[in-house]
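run_24.txt (compact mmCIF, C-alpha atoms)
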# COMPACT_ATOMS: atom_id res chain seq x y z
CA MET A 58 161.60 55.20 -10.94
CA GLY A 59 160.95 56.50 -7.44
CA GLN A 60 163.77 56.46 -4.89
CA ARG A 61 163.69 55.14 -1.33
CA ARG A 62 163.41 57.80 1.36
CA SER A 63 163.48 57.82 5.14
CA PRO A 64 159.96 57.66 6.59
CA LEU A 65 158.40 60.91 7.74
CA GLY A 66 157.11 61.45 11.24
CA VAL A 67 153.46 62.10 11.96
CA GLU A 68 153.67 65.88 11.96
CA ASP A 69 155.78 66.09 8.80
CA LEU A 70 153.49 63.75 6.87
CA GLU A 71 150.46 65.75 8.03
CA ARG A 72 152.12 68.90 6.67
CA VAL A 73 152.75 67.16 3.35
CA ALA A 74 149.11 66.07 3.20
CA ALA A 75 147.94 69.60 4.05
CA ARG A 76 149.87 70.94 1.05
CA GLY A 77 148.30 68.25 -1.12
CA TRP A 78 144.76 69.27 -0.13
CA GLN A 79 145.07 73.01 0.38
CA ALA A 80 142.38 75.29 1.68
CA LEU A 81 141.46 78.50 -0.10
CA GLU A 82 142.30 80.56 3.00
CA GLU A 83 145.04 79.68 5.47
CA ASP A 84 146.34 81.36 8.62
CA ARG A 85 148.74 80.47 11.42
CA LEU A 86 148.34 80.16 15.16
CA GLY A 87 151.93 79.45 16.08
CA ASP A 88 152.64 76.11 14.37
CA TRP A 89 148.95 75.28 13.98
CA LEU A 90 147.46 75.73 10.52
CA LEU A 91 143.98 77.27 10.29
CA ARG A 92 142.17 76.43 7.04
CA ALA A 93 138.91 77.44 5.40
CA ALA A 94 137.35 76.60 2.04
CA GLY A 95 133.66 77.37 2.13
CA GLY A 96 132.88 74.28 4.21
CA PHE A 97 133.92 71.74 1.53
CA THR A 98 135.69 68.82 3.28
CA GLY A 99 136.86 68.56 6.84
CA ARG A 100 140.50 68.66 5.80
CA ALA A 101 140.15 72.07 4.13
CA ASN A 102 138.01 73.55 6.93
CA SER A 103 139.81 72.60 10.11
CA ALA A 104 142.74 73.60 12.28
CA LEU A 105 145.66 71.22 11.79
CA VAL A 106 146.96 70.78 15.33
CA VAL A 107 150.66 70.02 14.96
CA GLY A 108 153.42 71.70 16.93
CA ASP A 109 153.12 74.59 19.38
CA PRO A 110 150.33 77.17 19.02
CA GLY A 111 152.46 79.74 20.85
CA VAL A 112 149.82 80.41 23.52
CA PRO A 113 148.37 78.32 26.39
CA LEU A 114 146.19 75.53 25.05
CA PRO A 115 142.87 76.87 26.46
CA ASP A 116 143.62 80.19 24.73
CA ALA A 117 144.45 78.34 21.50
CA VAL A 118 141.11 76.54 21.59
CA ALA A 119 139.34 79.86 22.05
CA ALA A 120 141.31 81.41 19.17
CA VAL A 121 140.36 78.55 16.84
CA THR A 122 136.72 78.98 17.83
CA ARG A 123 136.80 82.69 17.04
CA TRP A 124 138.62 82.21 13.73
CA TYR A 125 135.99 79.84 12.32
CA ALA A 126 133.03 81.67 13.80
CA GLY A 127 134.26 84.80 12.09
CA ARG A 128 133.99 83.02 8.74
CA GLY A 129 130.56 81.53 9.37
CA LEU A 130 132.00 78.01 9.64
CA GLU A 131 131.64 75.39 12.32
CA PRO A 132 134.89 75.35 14.34
CA CYS A 133 136.84 72.16 13.72
CA ALA A 134 140.26 70.76 14.67
CA VAL A 135 142.29 67.82 13.35
CA LEU A 136 144.35 66.05 16.03
CA PRO A 137 146.89 63.55 14.66
CA GLY A 138 148.86 60.91 16.52
CA VAL A 139 149.91 60.73 20.15
CA GLN A 140 151.68 64.08 19.77
CA SER A 141 148.34 65.86 19.95
CA ARG A 142 147.13 64.32 23.22
CA ALA A 143 147.62 67.44 25.31
CA ALA A 144 145.81 69.60 22.76
CA ASP A 145 143.09 66.97 22.43
CA ALA A 146 142.51 67.12 26.18
CA ALA A 147 142.18 70.91 25.96
CA PHE A 148 139.56 70.68 23.21
CA ALA A 149 137.71 67.98 25.15
CA ALA A 150 137.76 70.13 28.30
CA ALA A 151 136.14 72.92 26.27
CA GLY A 152 133.30 70.56 25.33
CA TRP A 153 134.41 69.66 21.80
CA ARG A 154 133.16 66.24 20.70
CA HIS A 155 135.25 63.44 19.18
CA GLY A 156 134.41 62.81 15.53
CA GLY A 157 135.80 59.31 14.95
CA ASN A 158 139.17 58.03 13.78
CA VAL A 159 140.76 58.35 10.34
CA LEU A 160 143.67 56.09 9.37
CA VAL A 161 146.60 57.47 7.38
CA LEU A 162 148.06 54.64 5.30
CA THR A 163 151.35 54.63 3.40
CA ALA A 164 153.23 52.42 0.97
CA PRO A 165 156.40 52.65 -1.13
CA LEU A 166 155.86 53.24 -4.83
CA ARG A 167 156.97 50.33 -6.98
CA PRO A 168 156.78 49.68 -10.73
CA ALA A 169 153.46 48.10 -11.67
CA ASP A 170 151.79 46.65 -14.73
CA PRO A 171 149.35 48.90 -16.57
CA PRO A 172 145.92 49.12 -14.94
CA ALA A 173 143.44 46.41 -15.83
CA ALA A 174 140.89 48.97 -17.09
CA PRO A 175 141.43 51.99 -19.37
CA VAL A 176 142.25 55.02 -17.21
CA GLU A 177 142.49 58.57 -18.54
CA LEU A 178 144.55 61.19 -16.69
CA ALA A 179 143.95 64.94 -16.89
CA THR A 180 145.41 68.00 -15.19
CA ALA A 181 141.96 69.38 -14.31
CA PRO A 182 138.59 67.79 -13.56
CA ASP A 183 135.92 68.13 -16.22
CA ASP A 184 132.20 68.13 -15.48
CA ALA A 185 132.00 64.35 -15.87
CA TRP A 186 134.77 63.85 -13.30
CA LEU A 187 133.12 66.22 -10.85
CA ALA A 188 129.83 64.38 -11.26
CA GLY A 189 131.63 61.07 -10.64
CA TYR A 190 133.16 62.17 -7.34
CA ARG A 191 130.40 61.67 -4.75
CA TYR A 192 131.63 63.37 -1.59
CA HIS A 193 129.81 61.63 1.27
CA GLY A 194 127.34 60.40 -1.35
CA ALA A 195 126.32 63.90 -2.44
CA ALA A 196 126.97 66.14 -5.43
CA LEU A 197 129.81 68.64 -5.06
CA PRO A 198 129.33 72.31 -4.17
CA PRO A 199 130.65 74.95 -6.60
CA VAL A 200 133.74 75.62 -4.45
CA ALA A 201 134.90 72.01 -4.91
CA ARG A 202 136.64 72.66 -8.24
CA GLN A 203 138.82 75.36 -6.63
CA VAL A 204 139.82 73.10 -3.75
CA LEU A 205 140.54 70.11 -5.98
CA THR A 206 142.81 72.09 -8.31
CA ASN A 207 144.56 74.13 -5.62
CA ALA A 208 147.90 72.31 -5.98
CA PRO A 209 150.85 72.69 -8.37
CA ASP A 210 151.18 69.05 -9.47
CA VAL A 211 147.86 67.23 -9.62
CA ALA A 212 146.25 64.55 -11.80
CA PHE A 213 142.64 63.44 -12.17
CA ALA A 214 142.04 59.80 -13.10
CA ALA A 215 138.85 58.59 -14.77
CA VAL A 216 137.49 55.31 -16.10
CA ARG A 217 134.80 55.46 -18.77
CA LEU A 218 133.18 52.12 -19.63
CA ASP A 219 130.08 53.46 -21.40
CA PRO A 220 129.95 56.20 -24.07
CA ALA A 221 129.15 59.74 -22.98
CA PRO A 222 126.87 61.09 -21.69
CA ALA A 223 126.80 58.00 -19.45
CA PRO A 224 128.48 58.69 -16.08
CA LEU A 225 132.09 57.72 -15.47
CA ALA A 226 132.64 54.35 -13.84
CA ALA A 227 135.41 55.50 -11.47
CA VAL A 228 137.45 58.59 -10.57
CA ALA A 229 140.36 59.50 -8.28
CA ARG A 230 142.69 62.43 -7.62
CA GLY A 231 146.46 62.31 -7.20
CA VAL A 232 148.79 65.07 -6.03
CA LEU A 233 152.58 65.17 -5.68
CA THR A 234 154.26 66.91 -2.75
CA ASP A 235 157.94 66.45 -1.91
CA GLY A 236 158.10 63.03 -3.54
CA TRP A 237 154.87 61.82 -1.92
CA LEU A 238 151.79 60.89 -3.93
CA GLY A 239 148.55 61.65 -2.12
CA VAL A 240 145.54 59.70 -3.40
CA THR A 241 142.11 61.11 -2.63
CA ALA A 242 138.55 61.17 -4.00
CA VAL A 243 138.57 57.49 -5.00
CA THR A 244 134.99 56.87 -6.11
CA VAL A 245 133.52 53.92 -8.02
CA ALA A 246 129.95 54.11 -9.33
CA GLU A 247 127.74 51.66 -7.47
CA GLN A 248 126.86 49.61 -10.56
CA HIS A 249 130.56 49.11 -11.36
CA ARG A 250 131.87 48.09 -7.94
CA ARG A 251 133.85 44.92 -7.26
CA ARG A 252 135.36 45.01 -10.75
CA GLY A 253 138.83 46.25 -9.79
CA LEU A 254 138.26 49.85 -10.86
CA ALA A 255 139.49 51.40 -7.61
CA THR A 256 142.71 49.44 -8.05
CA ALA A 257 142.90 50.57 -11.68
CA VAL A 258 142.72 54.30 -10.93
CA MET A 259 145.17 53.96 -8.05
CA THR A 260 147.60 52.02 -10.25
CA ALA A 261 147.40 54.68 -12.96
CA LEU A 262 148.13 57.44 -10.46
CA GLN A 263 151.04 55.52 -8.93
CA ARG A 264 152.58 54.97 -12.38
CA TRP A 265 152.14 58.70 -13.09
CA ALA A 266 153.87 59.56 -9.81
CA LEU A 267 156.75 57.14 -10.39
CA ASP A 268 157.40 58.72 -13.76
CA ARG A 269 157.74 62.06 -11.96
CA GLY A 270 160.24 60.76 -9.39
CA ALA A 271 157.93 60.09 -6.46
CA HIS A 272 158.93 57.47 -3.90
CA SER A 273 155.91 56.92 -1.59
CA VAL A 274 152.13 57.16 -1.47
CA TYR A 275 149.71 58.05 1.30
CA LEU A 276 145.95 58.08 1.64
CA GLN A 277 143.32 58.50 4.34
CA VAL A 278 140.44 56.17 5.15
CA THR A 279 137.88 56.23 7.96
CA GLU A 280 138.21 53.51 10.58
CA GLU A 281 134.74 52.13 9.89
CA ASN A 282 135.26 51.77 6.11
CA GLU A 283 136.33 48.13 6.23
CA PRO A 284 135.88 47.39 2.47
CA ALA A 285 138.29 50.20 1.57
CA ARG A 286 140.71 49.20 4.32
CA ALA A 287 140.74 45.63 2.99
CA LEU A 288 141.44 46.91 -0.53
CA TYR A 289 144.36 49.00 0.68
CA ARG A 290 145.79 46.13 2.75
CA ARG A 291 145.83 43.96 -0.35
CA ALA A 292 147.62 46.77 -2.18
CA GLY A 293 150.41 46.79 0.43
CA PHE A 294 149.44 49.84 2.51
CA ILE A 295 150.22 49.91 6.23
CA GLU A 296 148.98 52.24 8.94
CA HIS A 297 151.28 55.22 9.57
CA HIS A 298 149.14 56.98 12.19
CA ARG A 299 145.61 58.05 13.00
CA TYR A 300 143.88 61.36 13.49
CA HIS A 301 140.44 62.49 14.52
CA TYR A 302 138.33 65.62 14.30
CA ARG A 303 136.88 67.56 17.20
CA ARG A 304 134.00 70.02 16.89
CA PRO A 305 132.10 71.96 19.55
CA ALA A 306 129.12 70.16 21.00
CA ALA A 307 125.82 71.28 19.53
Do you think you could lay out the structure here as structure tokens?
Amino acid sequence: MGQRRSPLGVEDLERVAARGWQALEEDRLGDWLLRAAGGFTGRANSALVVGDPGVPLPDAVAAVTRWYAGRGLEPCAVLPGVQSRAADAAFAAAGWRHGGNVLVLTAPLRPADPPAAPVELATAPDDAWLAGYRYHGAALPPVARQVLTNAPDVAFAAVRLDPAPAPLAAVARGVLTDGWLGVTAVTVAEQHRRRGLATAVMTALQRWALDRGAHSVYLQVTEENEPARALYRRAGFIEHHRYHYRRPAA
């Protein structure tokens, strides 16, 4: 069973989440973490702005710009919580646009009944799982498999309601980092929605994490995704903090 732990601050939880969704290339600018992964997901292709960059903020913004431009990627920064306000102002002054808010939700892990639907867990995603995860409604690029598996303790949940080769009904990814379960990639096929399958895959991952000594769970959801936010409220999640992206104006 998981054990109770003191809550983490914004910057520490962001560092935990960064280790749970690691880029394929990482570099440091002082405390800031620069990440690149072929453009797949904002989290893996953005500068995590936590702590001190070690240089004046206008110079840090310029350094981030150069780092991403040198890799053929659109420069991008993640600015979490009130701690990033000064850096956010520096990016805004350089003409970087605000990309909307993302909520980081957390909950303690507690024993739960088995999921209401059959959920299979695997240590790596197969082709059916990758086809079931619709990132922003689109099929995944080839680099996605590397990003998804770039963690030491990860599980891939899947619900199959119809025999293969029919698509999976639901998928999700879980990763353990310092006693925290990070849940990502929760996707339910459109024809199977409102049947409790998102809850089923999350329950299976939380039971998996409890068995491995985890104590808490976090996830991210965009501010405008009210159906998902309502689901997570019912599951006992509360808002820990928010972050937003900034990218240079076109």
At most 9 Å from (144.2, 64.9, -19.0), file frame, all atoms listed in the file: which residues, as a ChimeraX atom specification?
/A:177-182,212-214
Which residue is closest to Asn102 (chain A)? Choose from A:Gly129, A:Pro209, A:Pro175, A:Gly293 and count only C-alpha atoms.
A:Gly129
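Distance annotation: of A:Ala151, A:Ala285, A:Ala261, A:Val274, the residue with the minimal separation from Val245 (chain A) is A:Ala285; atom set is only C-alpha atoms.
Nearest residue to Gly156 (chain A) among A:Val135, A:Ala227, A:Val73, A:Val112 is A:Val135, counting only C-alpha atoms.
Of the listed residues (A:Gly138, A:Ala185, A:Pro220, A:Ala144), A:Gly138 comes nearest to Asn158 (chain A); the distances count all atoms listed in the file.
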